[in-house]
Amino acid sequence: MSTILKEHIAISLEKVTTLVSDQLAFVQQIPNDMVGHGFQSWFNSHDWKLMQANEISAHVTMASDGSRDFKSIKVAVKAAPSKSSERFVIYIKKAIYREYVSRK
């Protein structure tokens, strides 16, 4: 094997090793409050089963085409009560939504 080829392989392996190392570091930073199905810890296994069985009804429904209660995720989130011990469920119809939403 030529010296040039060996150098090329060594450089490529070094790049791959760096990429893998970076990805492993990223994975190790994932918070521990994630439940196995990918939801936050406040969304427990019981809730997940209810969602799968369609036994949770939404308080409001939103659709990007305006055919439901709200057209914007941000507006639907603002409609949720700010101080409530009850969960407020928003059903979001499948679409592409291009907006930033934060809830404090």
# chains A, B, ... in the order shown; residues from 1 in each chain; ligands from 1
call {"tool": "select_by_dssp", "arguments": {"residues": "range 61-96 of chain A", "states": "helix (DSSP H, G or I)", "output": "list in words"}}
result
Ile73, Lys74, Val75, Ala76, Val77 and Lys78 of chain A
call {"tool": "write_last_selection", "arguments": {"atoms": "all heavy atoms", "output": "mmCIF file, in the first residue's frame"}}
result
data_model
loop_
_atom_site.group_PDB
_atom_site.id
_atom_site.type_symbol
_atom_site.label_atom_id
_atom_site.label_comp_id
_atom_site.auth_asym_id
_atom_site.auth_seq_id
_atom_site.Cartn_x
_atom_site.Cartn_y
_atom_site.Cartn_z
ATOM 1 N N ILE A 73 -50.267 27.640 16.443
ATOM 2 C CA ILE A 73 -49.907 26.932 17.672
ATOM 3 C C ILE A 73 -49.738 27.942 18.802
ATOM 4 O O ILE A 73 -50.212 27.732 19.919
ATOM 5 C CB ILE A 73 -48.613 26.107 17.480
ATOM 6 C CG1 ILE A 73 -48.843 24.999 16.457
ATOM 7 C CG2 ILE A 73 -48.150 25.517 18.805
ATOM 8 C CD1 ILE A 73 -47.589 24.246 16.064
ATOM 9 N N LYS A 74 -49.086 29.056 18.505
ATOM 10 C CA LYS A 74 -48.832 30.082 19.524
ATOM 11 C C LYS A 74 -50.150 30.581 20.125
ATOM 12 O O LYS A 74 -50.276 30.722 21.346
ATOM 13 C CB LYS A 74 -48.053 31.243 18.918
ATOM 14 C CG LYS A 74 -47.647 32.294 19.920
ATOM 15 C CD LYS A 74 -46.888 33.424 19.260
ATOM 16 C CE LYS A 74 -45.458 32.980 19.067
ATOM 17 N NZ LYS A 74 -44.580 34.057 18.600
ATOM 18 N N VAL A 75 -51.160 30.833 19.309
ATOM 19 C CA VAL A 75 -52.452 31.319 19.788
ATOM 20 C C VAL A 75 -53.160 30.233 20.598
ATOM 21 O O VAL A 75 -53.766 30.504 21.639
ATOM 22 C CB VAL A 75 -53.323 31.808 18.615
ATOM 23 C CG1 VAL A 75 -54.708 32.208 19.079
ATOM 24 C CG2 VAL A 75 -52.654 32.970 17.902
ATOM 25 N N ALA A 76 -53.058 28.998 20.153
ATOM 26 C CA ALA A 76 -53.676 27.886 20.888
ATOM 27 C C ALA A 76 -53.033 27.718 22.257
ATOM 28 O O ALA A 76 -53.720 27.497 23.265
ATOM 29 C CB ALA A 76 -53.564 26.592 20.085
ATOM 30 N N VAL A 77 -51.722 27.843 22.326
ATOM 31 C CA VAL A 77 -51.021 27.736 23.613
ATOM 32 C C VAL A 77 -51.434 28.884 24.529
ATOM 33 O O VAL A 77 -51.642 28.686 25.728
ATOM 34 C CB VAL A 77 -49.488 27.692 23.409
ATOM 35 C CG1 VAL A 77 -48.754 27.858 24.717
ATOM 36 C CG2 VAL A 77 -49.085 26.395 22.723
ATOM 37 N N LYS A 78 -51.584 30.092 23.979
ATOM 38 C CA LYS A 78 -52.011 31.234 24.786
ATOM 39 C C LYS A 78 -53.420 31.040 25.345
ATOM 40 O O LYS A 78 -53.777 31.618 26.365
ATOM 41 C CB LYS A 78 -51.958 32.527 23.971
ATOM 42 C CG LYS A 78 -50.563 33.064 23.791
ATOM 43 C CD LYS A 78 -50.589 34.384 23.048
ATOM 44 C CE LYS A 78 -49.177 34.917 22.888
ATOM 45 N NZ LYS A 78 -49.171 36.206 22.188
#
call {"tool": "atom_distance", "arguments": {"atom1": "CA of Thr61 in chain A", "atom2": "CA of Val89 in chain A"}}
result
8.7 Å
call {"tool": "atom_distance", "arguments": {"atom1": "CA of Val60 in chain A", "atom2": "CA of Arg87 in chain A"}}
result
12.1 Å
call {"tool": "residues_around", "arguments": {"residues": "Met62 in chain A", "least_positions_apart": "5", "cutoff": "8 Å", "atoms": "only C-alpha atoms", "output": "PDB file with C-alpha atoms, in the first residue's frame"}}
result
ATOM      1  CA  SER A  67     -60.780  24.899   9.920  1.00  0.00           C
ATOM      2  CA  ARG A  68     -60.590  24.377  13.715  1.00  0.00           C
ATOM      3  CA  ASP A  69     -60.499  26.464  16.896  1.00  0.00           C
ATOM      4  CA  PHE A  70     -57.108  28.012  16.131  1.00  0.00           C
ATOM      5  CA  LYS A  71     -54.853  28.454  13.120  1.00  0.00           C
ATOM      6  CA  SER A  72     -51.627  29.087  15.053  1.00  0.00           C
ATOM      7  CA  ILE A  73     -49.907  26.932  17.672  1.00  0.00           C
ATOM      8  CA  ALA A  76     -53.676  27.886  20.888  1.00  0.00           C
ATOM      9  CA  ILE A  90     -54.291  20.869  22.305  1.00  0.00           C
ATOM     10  CA  TYR A  91     -54.841  18.629  19.299  1.00  0.00           C
ATOM     11  CA  ILE A  92     -52.664  19.840  16.436  1.00  0.00           C
ATOM     12  CA  LYS A  93     -53.675  18.605  13.010  1.00  0.00           C
TER      13      LYS A  93
END
call {"tool": "atom_distance", "arguments": {"atom1": "CA of Ile56 in chain A", "atom2": "CA of Glu86 in chain A"}}
result
12.7 Å
call {"tool": "closest_residue", "arguments": {"among": "A:Phe88, A:Glu99, A:Ala10, A:Lys83", "to": "Ala58 in chain A", "atoms": "only C-alpha atoms"}}
result
A:Phe88
